[in-house]
>>> print(open('input26.cif').read())   # mmCIF, C-alpha atoms and all ligand atoms
data_my_file
loop_
_atom_site.label_atom_id
_atom_site.label_comp_id
_atom_site.auth_asym_id
_atom_site.auth_seq_id
_atom_site.Cartn_x
_atom_site.Cartn_y
_atom_site.Cartn_z
CA MET A 1 111.34 117.42 81.90
CA ALA A 2 109.39 119.38 84.51
CA SER A 3 110.95 122.28 86.38
CA SER A 4 113.88 121.13 88.47
CA LYS A 5 112.34 122.92 91.49
CA GLU A 6 109.66 120.22 91.76
CA LYS A 7 112.21 117.49 91.49
CA LEU A 8 113.83 115.46 94.19
CA ILE A 9 116.61 112.92 93.86
CA THR A 10 117.63 110.45 96.57
CA ILE A 11 121.23 109.32 96.92
CA VAL A 12 121.65 105.97 98.69
CA GLY A 13 125.20 105.61 100.09
CA SER A 14 127.09 108.76 101.05
CA GLY A 15 130.74 107.89 100.35
CA LEU A 16 133.03 109.45 97.75
CA ILE A 17 130.68 108.95 94.80
CA GLY A 18 127.41 109.64 96.63
CA ARG A 19 128.70 113.00 97.85
CA SER A 20 129.96 113.99 94.42
CA TRP A 21 126.66 112.97 92.73
CA ALA A 22 124.80 115.06 95.32
CA MET A 23 126.90 118.11 94.37
CA VAL A 24 126.20 117.52 90.66
CA PHE A 25 122.40 117.41 91.15
CA LEU A 26 122.40 120.36 93.59
CA SER A 27 124.31 122.47 91.08
CA ARG A 28 121.28 122.35 88.76
CA GLY A 29 118.78 123.14 91.51
CA TYR A 30 117.52 119.63 92.34
CA LYS A 31 116.50 118.84 95.88
CA VAL A 32 118.74 116.04 97.14
CA LYS A 33 118.15 113.68 100.05
CA ILE A 34 121.10 111.56 101.18
CA TYR A 35 120.67 108.25 102.97
CA ASP A 36 123.37 105.98 104.43
CA ASN A 37 122.87 102.83 106.49
CA GLN A 38 125.67 103.85 108.89
CA PRO A 39 123.90 106.12 111.41
CA GLY A 40 125.34 109.65 111.30
CA GLN A 41 127.23 108.99 108.05
CA ALA A 42 124.76 110.91 105.84
CA SER A 43 124.96 113.95 108.10
CA ARG A 44 128.77 113.78 108.07
CA ALA A 45 128.51 113.70 104.28
CA ILE A 46 126.57 116.97 104.39
CA THR A 47 129.32 118.59 106.46
CA GLU A 48 131.86 117.46 103.87
CA ILE A 49 129.70 118.67 100.94
CA ARG A 50 129.19 122.05 102.65
CA LYS A 51 132.96 122.45 103.03
CA GLN A 52 133.61 121.53 99.38
CA VAL A 53 130.81 123.68 97.94
CA GLU A 54 131.92 126.72 99.97
CA GLU A 55 135.55 126.25 98.92
CA LEU A 56 134.49 125.89 95.27
CA GLN A 57 132.51 129.13 95.54
CA LYS A 58 135.54 130.94 96.97
CA ALA A 59 137.68 129.59 94.14
CA GLN A 60 134.94 130.63 91.64
CA MET A 61 134.71 127.03 90.52
CA LEU A 62 131.19 126.25 91.77
CA ARG A 63 129.04 124.63 89.09
CA GLY A 64 125.63 126.06 88.15
CA GLU A 65 123.87 129.37 88.60
CA LEU A 66 122.93 129.00 92.29
CA SER A 67 125.13 130.23 95.16
CA ALA A 68 126.68 127.80 97.63
CA SER A 69 124.05 128.60 100.28
CA GLU A 70 121.18 128.22 97.76
CA GLN A 71 122.51 124.82 96.73
CA LEU A 72 123.05 123.70 100.33
CA SER A 73 119.50 124.70 101.28
CA LEU A 74 118.25 121.97 98.88
CA LEU A 75 120.17 119.22 100.69
CA SER A 76 119.08 117.00 103.59
CA SER A 77 120.41 113.86 105.29
CA HIS A 78 118.40 110.87 106.48
CA ASP A 79 119.09 107.76 108.52
CA ASP A 80 115.70 106.30 107.53
CA LEU A 81 115.39 104.86 104.01
CA SER A 82 111.64 105.35 103.52
CA GLN A 83 111.89 108.99 104.67
CA ALA A 84 114.83 109.53 102.32
CA LEU A 85 112.88 108.13 99.36
CA GLU A 86 109.68 110.08 99.95
CA GLY A 87 108.98 112.31 96.92
CA ALA A 88 111.94 111.11 94.84
CA PHE A 89 111.54 110.59 91.07
CA PHE A 90 115.10 109.28 90.63
CA VAL A 91 117.26 107.22 92.99
CA GLN A 92 121.03 107.09 92.54
CA GLU A 93 122.53 104.16 94.46
CA CYS A 94 126.17 104.57 95.58
CA VAL A 95 126.78 101.79 98.15
CA PHE A 96 129.83 99.49 98.34
CA GLU A 97 130.72 97.61 95.17
CA GLU A 98 129.33 94.32 96.54
CA LEU A 99 126.70 92.49 94.49
CA GLU A 100 124.71 91.14 97.45
CA ALA A 101 124.60 94.57 99.11
CA LYS A 102 123.38 96.24 95.92
CA LYS A 103 120.75 93.54 95.22
CA LYS A 104 119.30 93.93 98.71
CA VAL A 105 119.44 97.72 98.62
CA PHE A 106 117.42 97.83 95.37
CA GLN A 107 114.91 95.32 96.74
CA ALA A 108 114.45 97.55 99.79
CA ILE A 109 114.26 100.73 97.71
CA GLU A 110 111.59 99.24 95.44
CA SER A 111 109.39 98.45 98.43
CA HIS A 112 109.28 102.17 99.34
CA VAL A 113 108.74 103.88 95.97
CA ASP A 114 106.06 104.15 93.26
CA GLU A 115 106.22 102.14 90.01
CA ASP A 116 107.48 105.07 87.93
CA VAL A 117 110.50 105.97 90.07
CA VAL A 118 113.75 105.37 88.17
CA LEU A 119 116.28 103.16 89.97
CA SER A 120 119.86 103.94 88.97
CA SER A 121 123.11 102.34 90.13
CA SER A 122 126.64 103.79 90.18
CA THR A 123 128.26 100.35 89.90
CA SER A 124 131.63 100.31 88.13
CA CYS A 125 131.87 96.65 87.23
CA LEU A 126 128.67 94.75 88.05
CA MET A 127 126.22 93.76 85.32
CA PRO A 128 122.72 95.31 85.35
CA SER A 129 121.10 91.87 85.13
CA SER A 130 122.84 90.92 88.40
CA VAL A 131 122.44 94.21 90.28
CA PHE A 132 118.68 94.44 89.62
CA SER A 133 117.87 90.72 89.89
CA LEU A 134 115.69 91.16 93.00
CA VAL A 135 113.76 94.14 91.59
CA GLN A 136 110.22 93.24 90.41
CA ASN A 137 109.82 96.00 87.82
CA ARG A 138 113.14 96.05 86.01
CA THR A 139 111.88 98.23 83.15
CA ARG A 140 112.74 101.28 85.32
CA CYS A 141 116.30 100.18 86.14
CA ILE A 142 119.49 101.59 84.68
CA ILE A 143 123.15 101.90 85.52
CA SER A 144 124.54 105.45 85.50
CA HIS A 145 128.26 104.77 85.89
CA PRO A 146 130.19 107.94 86.73
CA VAL A 147 133.90 108.61 86.54
CA ASN A 148 135.50 109.58 89.82
CA PRO A 149 134.86 112.34 90.79
CA PRO A 150 131.67 113.04 88.75
CA TYR A 151 131.69 116.70 89.82
CA TYR A 152 134.87 117.20 87.76
CA VAL A 153 134.73 114.45 85.13
CA ARG A 154 131.48 114.70 83.21
CA LEU A 155 131.22 111.30 81.51
CA VAL A 156 128.40 108.98 82.61
CA GLU A 157 127.93 105.55 81.03
CA LEU A 158 124.23 104.67 80.85
CA VAL A 159 123.84 100.90 80.76
CA PRO A 160 120.40 99.28 80.43
CA HIS A 161 119.15 96.05 81.96
CA PRO A 162 117.85 93.78 79.16
CA GLU A 163 114.32 94.75 80.31
CA THR A 164 114.94 98.51 80.69
CA HIS A 165 112.29 100.55 78.88
CA PRO A 166 113.83 102.84 76.20
CA VAL A 167 111.96 105.78 77.80
CA VAL A 168 114.03 105.26 80.97
CA MET A 169 117.28 105.40 78.99
CA ASP A 170 116.06 108.62 77.30
CA MET A 171 115.00 110.13 80.62
CA ALA A 172 118.36 109.34 82.27
CA TYR A 173 120.16 110.76 79.23
CA GLU A 174 118.13 113.96 79.44
CA LEU A 175 118.64 114.29 83.20
CA MET A 176 122.40 113.76 83.00
CA THR A 177 122.67 116.29 80.17
CA GLU A 178 120.56 118.79 82.08
CA VAL A 179 122.80 118.61 85.16
CA GLY A 180 125.88 119.20 83.03
CA GLN A 181 127.22 115.66 82.71
CA ALA A 182 128.20 114.01 79.40
CA PRO A 183 126.14 110.80 79.09
CA VAL A 184 126.86 107.99 76.63
CA ARG A 185 124.50 105.14 75.79
CA ILE A 186 125.88 101.61 76.12
CA LYS A 187 123.41 99.72 73.94
CA LYS A 188 123.60 96.36 75.71
CA GLU A 189 125.19 95.05 78.88
CA ILE A 190 128.81 94.01 78.62
CA ASP A 191 131.41 93.34 81.29
CA GLY A 192 133.40 96.52 82.06
CA PHE A 193 131.01 98.69 79.98
CA ALA A 194 133.07 100.85 77.58
CA LEU A 195 135.28 102.99 79.81
CA ASN A 196 136.81 100.17 81.83
CA ARG A 197 137.33 97.97 78.76
CA VAL A 198 139.39 100.76 77.19
CA GLN A 199 141.08 101.66 80.49
CA TYR A 200 142.05 98.05 81.23
CA ALA A 201 143.48 97.63 77.71
CA ILE A 202 145.72 100.65 78.38
CA ILE A 203 146.70 99.46 81.88
CA ALA A 204 147.51 95.97 80.56
CA GLU A 205 149.91 97.25 77.90
CA CYS A 206 151.57 99.81 80.22
CA TRP A 207 152.03 97.09 82.85
CA ARG A 208 153.53 94.71 80.29
CA LEU A 209 155.99 97.30 78.94
CA VAL A 210 157.27 98.11 82.45
CA LYS A 211 157.38 94.43 83.46
CA ASP A 212 159.37 93.54 80.33
CA GLY A 213 161.93 96.28 81.07
CA VAL A 214 160.99 98.28 77.96
CA ILE A 215 160.25 101.52 79.79
CA SER A 216 160.17 103.03 83.31
CA VAL A 217 157.00 103.83 85.28
CA LYS A 218 157.77 107.54 85.01
CA ASP A 219 158.15 107.39 81.24
CA ILE A 220 155.11 105.22 80.48
CA ASP A 221 152.98 107.66 82.48
CA LEU A 222 154.51 110.49 80.41
CA VAL A 223 153.53 108.62 77.22
CA MET A 224 149.94 109.14 78.32
CA SER A 225 150.07 112.51 80.12
CA GLU A 226 152.29 114.32 77.58
CA GLY A 227 151.32 112.29 74.52
CA LEU A 228 148.11 110.39 73.95
CA GLY A 229 146.28 112.00 76.86
CA MET A 230 146.88 115.54 75.55
CA ARG A 231 144.60 114.97 72.59
CA TYR A 232 142.33 112.35 74.13
CA ALA A 233 141.04 115.07 76.49
CA PHE A 234 139.47 116.71 73.42
CA ILE A 235 139.15 114.10 70.65
CA GLY A 236 138.67 110.36 70.88
CA PRO A 237 140.69 107.61 69.16
CA ILE A 238 138.37 107.29 66.16
CA GLU A 239 138.44 111.03 65.45
CA THR A 240 142.21 110.92 65.98
CA MET A 241 142.48 108.31 63.19
CA HIS A 242 140.24 110.48 61.01
CA LEU A 243 142.40 113.58 61.53
CA ASN A 244 145.78 111.86 61.34
CA ALA A 245 145.75 111.10 57.61
CA PRO A 246 145.22 113.71 54.88
CA GLU A 247 142.08 112.03 53.49
CA GLY A 248 140.55 110.88 56.77
CA LEU A 249 139.83 107.48 58.29
CA GLU A 250 139.98 105.35 55.12
CA ASP A 251 143.30 106.94 54.20
CA TYR A 252 144.57 106.26 57.75
CA LEU A 253 143.69 102.60 57.37
CA LYS A 254 145.42 102.38 53.99
CA ARG A 255 148.57 103.77 55.58
CA TYR A 256 148.55 102.11 59.00
CA ARG A 257 146.33 99.01 58.86
CA GLU A 258 149.22 96.57 58.42
CA GLY A 259 151.34 98.24 61.12
CA MET A 260 148.47 98.26 63.60
CA ARG A 261 147.74 94.59 62.97
CA ARG A 262 151.42 93.63 63.32
CA VAL A 263 151.86 95.52 66.62
CA LEU A 264 148.53 94.32 68.03
CA SER A 265 149.38 90.70 67.24
CA SER A 266 152.58 91.05 69.30
CA PHE A 267 150.59 91.81 72.48
CA GLY A 268 150.87 89.00 75.03
CA PRO A 269 148.16 87.34 77.12
CA VAL A 270 146.30 89.12 79.95
CA PRO A 271 148.93 90.10 82.58
CA GLU A 272 148.84 88.25 85.90
CA PHE A 273 149.49 91.48 87.88
CA ASP A 274 151.69 89.22 90.03
CA GLU A 275 153.19 90.33 93.33
CA GLU A 276 156.78 90.48 92.12
CA THR A 277 155.94 92.89 89.31
CA ALA A 278 153.54 94.82 91.55
CA ASP A 279 156.36 95.33 94.11
CA LYS A 280 158.68 96.66 91.41
CA ILE A 281 156.08 99.00 89.95
CA ASN A 282 154.93 100.15 93.37
CA LYS A 283 158.50 100.99 94.36
CA GLU A 284 158.96 103.10 91.25
CA ILE A 285 155.67 105.00 91.60
CA CYS A 286 156.29 105.60 95.34
CA GLU A 287 159.68 107.14 94.54
CA LEU A 288 157.81 109.66 92.39
CA ILE A 289 154.77 110.08 94.67
CA PRO A 290 155.18 108.72 98.23
CA ASN A 291 152.03 106.84 99.23
CA ASP A 292 151.38 108.79 102.44
CA HIS A 293 148.18 110.74 102.98
CA GLU A 294 149.83 114.14 102.50
CA HIS A 295 151.39 113.43 99.11
CA LEU A 296 148.42 111.51 97.73
CA SER A 297 145.95 114.21 98.84
CA ALA A 298 148.09 116.95 97.30
CA ARG A 299 148.23 115.09 93.97
CA ARG A 300 144.47 114.44 94.04
CA GLU A 301 143.83 118.12 94.73
CA ARG A 302 146.05 119.14 91.84
CA ARG A 303 144.32 116.56 89.61
CA ASP A 304 140.90 117.97 90.50
CA GLN A 305 142.02 121.56 89.86
CA LEU A 306 143.36 120.63 86.44
CA LEU A 307 140.23 118.63 85.61
CA MET A 308 138.06 121.61 86.52
CA GLY A 309 140.21 123.92 84.40
CA LEU A 310 139.95 121.50 81.50
CA ALA A 311 136.17 121.24 81.88
CA LYS A 312 135.96 125.07 81.73
CA LEU A 313 138.22 125.19 78.65
CA LYS A 314 136.05 122.62 76.87
CA LYS A 315 132.83 124.63 77.36
P1 LIG B 401 132.53 104.38 99.50
O1 LIG B 401 133.10 103.22 100.21
O2 LIG B 401 133.27 105.69 99.54
O3 LIG B 401 131.03 104.67 100.00
C1 LIG B 401 130.03 103.70 100.14
C2 LIG B 401 129.01 104.25 101.10
O4 LIG B 401 127.86 103.39 101.05
C3 LIG B 401 129.47 104.27 102.57
O5 LIG B 401 129.19 105.55 103.14
C4 LIG B 401 128.62 103.17 103.25
O6 LIG B 401 128.34 103.45 104.61
C5 LIG B 401 127.38 103.20 102.38
N1 LIG B 401 126.62 101.93 102.40
C6 LIG B 401 127.11 100.66 102.35
N2 LIG B 401 126.09 99.78 102.35
C7 LIG B 401 124.94 100.50 102.37
C8 LIG B 401 123.56 100.18 102.39
N3 LIG B 401 123.16 98.93 102.39
N4 LIG B 401 122.65 101.19 102.40
C9 LIG B 401 123.07 102.49 102.41
N5 LIG B 401 124.38 102.86 102.42
C10 LIG B 401 125.29 101.89 102.39
O7 LIG B 401 132.34 103.92 97.97
P2 LIG B 401 132.38 104.81 96.64
O8 LIG B 401 133.77 104.93 96.14
O9 LIG B 401 131.56 106.04 96.86
O10 LIG B 401 131.62 103.83 95.61
C11 LIG B 401 130.21 103.73 95.56
C12 LIG B 401 129.80 103.09 94.24
O11 LIG B 401 130.27 103.92 93.14
C13 LIG B 401 130.41 101.70 94.00
O12 LIG B 401 129.49 100.89 93.34
C14 LIG B 401 131.57 101.99 93.08
O13 LIG B 401 131.94 100.90 92.26
C15 LIG B 401 131.01 103.12 92.23
N6 LIG B 401 132.04 103.94 91.58
C16 LIG B 401 133.16 104.28 92.31
C17 LIG B 401 134.15 105.02 91.67
C18 LIG B 401 135.41 105.40 92.43
O14 LIG B 401 136.42 105.66 91.79
N7 LIG B 401 135.36 105.48 93.76
C19 LIG B 401 133.99 105.45 90.33
C20 LIG B 401 132.80 105.10 89.66
C21 LIG B 401 131.83 104.34 90.30
#
>>> encode(input="input26.cif", output="structure tokens")
Amino acid sequence: MASSKEKLITIVGSGLIGRSWAMVFLSRGYKVKIYDNQPGQASRAITEIRKQVEELQKAQMLRGELSASEQLSLLSSHDDLSQALEGAFFVQECVFEELEAKKKVFQAIESHVDEDVVLSSSTSCLMPSSVFSLVQNRTRCIISHPVNPPYYVRLVELVPHPETHPVVMDMAYELMTEVGQAPVRIKKEIDGFALNRVQYAIIAECWRLVKDGVISVKDIDLVMSEGLGMRYAFIGPIETMHLNAPEGLEDYLKRYREGMRRVLSSFGPVPEFDEETADKINKEICELIPNDHEHLSARRERRDQLLMGLAKLKK
């Protein structure tokens, strides 16, 4: 990859994810242009990014080698799409999670950029073949699905369109690695990619256990935060199996295969997430964390501090 100084990335959509992506790319010295279709929104995003980057510097938690002011000097906001795309080699789309909006945005982006510009979407749940259906040259399209907030959580799922050229996957992988993210390759498109399939399996079982009166909201969250989550921050479930039996994975299966199959076959159907259960669960979680702005913001801030500490520990 050429020197990052020559490189310019355009972010389309300047909400929560767009702002965090911008900070990730700036931290590695990329020039970043932000565009939003709400006039003034991109410039408000810059104000917000400036505040965050300066606070991170004060807290000695700023990513990368450049100072806050050096990073901010690489950033500009634009209310005009073609101006925002001028000179970009990579476009990271971060608009609302609405299929029609994304399809139209990519059609518009394609009309302003050269053939070799990589078009990347942040979509959480939409399939690449849908998101890029109005793009003419789909070999340069890819989904780079971050985890909120990407500045603190490094994983990025790279998901190809069926026509995506392997070189584009490799280039996105290299770029994400270079800017300090942790990319994974999803080899073919699948609903929910990998992260949300695993996350929804966990949510479904936690929901069912609370609904069936087996455990409280507080305690099921502790099962994750003080139990499974403690090691999952460092080692995944397959490595966990490998380490949890004296002779490794095959030994684990010899010991636990039957038990796993018995427990798994007792799982019920997909939960309805019905209103009655939602009310009960909401009441319990709000007793622990009231759902007003002050309490939620304080918890999010604490979450982000811990995530940053964890990221440092893992280096
Ligand atoms: P958001 O609502 O915070 O921001 C969306 C921004 O896009 C807004 O500023 C809006 O003005 C702008 N926008 C809307 N239509 C546009 C258009 N046509 N052209 C330019 N700008 C437009 O949303 P978000 O949470 O930042 O999510 C953005 C994307 O990232 C979504 O696809 C979402 O699924 C994905 N994502 C979100 C999360 C999360 O937890 N928030 C995590 C991973 C991925």
>>> residues_near_ligand(input="input26.cif", ligand="ligand LIG 401 (chain B)", cutoff="8 Å", atoms="all atoms listed in the file", output="count of residues only")
34
>>> atom_distance(input="input26.cif", atom1="atom CA of A:Pro246", atom2="atom CA of A:Ile202")
26.9 Å
>>> closest_residue(input="input26.cif", among="A:Asp80, A:Glu110, A:Pro160, A:Leu296", to="A:Asn137", atoms="all atoms listed in the file")
A:Glu110
>>> atom_distance(input="input26.cif", atom1="atom CA of A:Val198", atom2="atom CA of A:Glu284")
24.2 Å
>>> closest_residue(input="input26.cif", among="A:Gly64, A:Gly29, A:Gly227, A:Gly192", to="A:Gly180", atoms="all atoms listed in the file")
A:Gly64
>>> residues_near_point(input="input26.cif", point="(126.2, 117.7, 77.4)", cutoff="12 Å", atoms="only C-alpha atoms", output="PyMOL selection string")
chain A and resi 153-156+173-184+311+314-315
>>> closest_residue(input="input26.cif", among="A:Ile190, A:Val135, A:Leu119, A:Ala201", to="A:Ile9", atoms="all atoms listed in the file")
A:Leu119
>>> closest_residue(input="input26.cif", among="A:Ser130, A:Lys211, A:Arg231, A:Asp219", to="A:Glu276", atoms="all atoms listed in the file")
A:Lys211
>>> atom_distance(input="input26.cif", atom1="atom CA of A:Phe267", atom2="atom CA of A:Asn282")
22.9 Å
>>> closest_residue(input="input26.cif", among="A:Lys31, A:Arg197, A:His165, A:Arg185", to="A:Ala84", atoms="all atoms listed in the file")
A:Lys31
>>> closest_residue(input="input26.cif", among="A:Val223, A:Met260, A:Val113, A:Leu66", to="A:Met241", atoms="only C-alpha atoms")
A:Met260
>>> build_atoms(input="input26.cif", residues="stretch 28-39 of chain A", atoms="N, CA, C and O atoms", output="CSV table (one decimal), keeping the file's coordinate frame")
chain,number,residue,atom,x,y,z
A,28,ARG,N,122.3,122.0,89.7
A,28,ARG,CA,121.3,122.4,88.8
A,28,ARG,C,119.9,122.6,89.5
A,28,ARG,O,118.9,122.6,88.8
A,29,GLY,N,120.0,122.7,90.8
A,29,GLY,CA,118.8,123.1,91.5
A,29,GLY,C,117.9,122.0,91.9
A,29,GLY,O,116.7,122.2,92.3
A,30,TYR,N,118.3,120.8,91.8
A,30,TYR,CA,117.5,119.6,92.3
A,30,TYR,C,117.6,119.6,93.9
A,30,TYR,O,118.6,119.8,94.4
A,31,LYS,N,116.5,119.2,94.5
A,31,LYS,CA,116.5,118.8,95.9
A,31,LYS,C,117.2,117.5,96.0
A,31,LYS,O,116.9,116.6,95.2
A,32,VAL,N,118.0,117.3,97.0
A,32,VAL,CA,118.7,116.0,97.1
A,32,VAL,C,118.6,115.6,98.6
A,32,VAL,O,118.9,116.3,99.5
A,33,LYS,N,118.2,114.3,98.7
A,33,LYS,CA,118.2,113.7,100.0
A,33,LYS,C,119.2,112.6,100.0
A,33,LYS,O,119.3,111.8,99.1
A,34,ILE,N,120.0,112.6,101.1
A,34,ILE,CA,121.1,111.6,101.2
A,34,ILE,C,120.8,110.6,102.3
A,34,ILE,O,120.4,111.0,103.4
A,35,TYR,N,120.9,109.3,102.0
A,35,TYR,CA,120.7,108.2,103.0
A,35,TYR,C,121.9,107.4,103.0
A,35,TYR,O,122.6,107.1,102.0
A,36,ASP,N,122.3,107.0,104.3
A,36,ASP,CA,123.4,106.0,104.4
A,36,ASP,C,123.0,105.0,105.6
A,36,ASP,O,122.3,105.5,106.5
A,37,ASN,N,123.3,103.8,105.4
A,37,ASN,CA,122.9,102.8,106.5
A,37,ASN,C,123.8,102.9,107.7
A,37,ASN,O,123.4,102.2,108.7
A,38,GLN,N,124.9,103.6,107.7
A,38,GLN,CA,125.7,103.8,108.9
A,38,GLN,C,125.1,105.1,109.6
A,38,GLN,O,125.3,106.2,109.0
A,39,PRO,N,124.5,104.9,110.8
A,39,PRO,CA,123.9,106.1,111.4
A,39,PRO,C,124.9,107.3,111.5
A,39,PRO,O,126.0,107.0,111.9
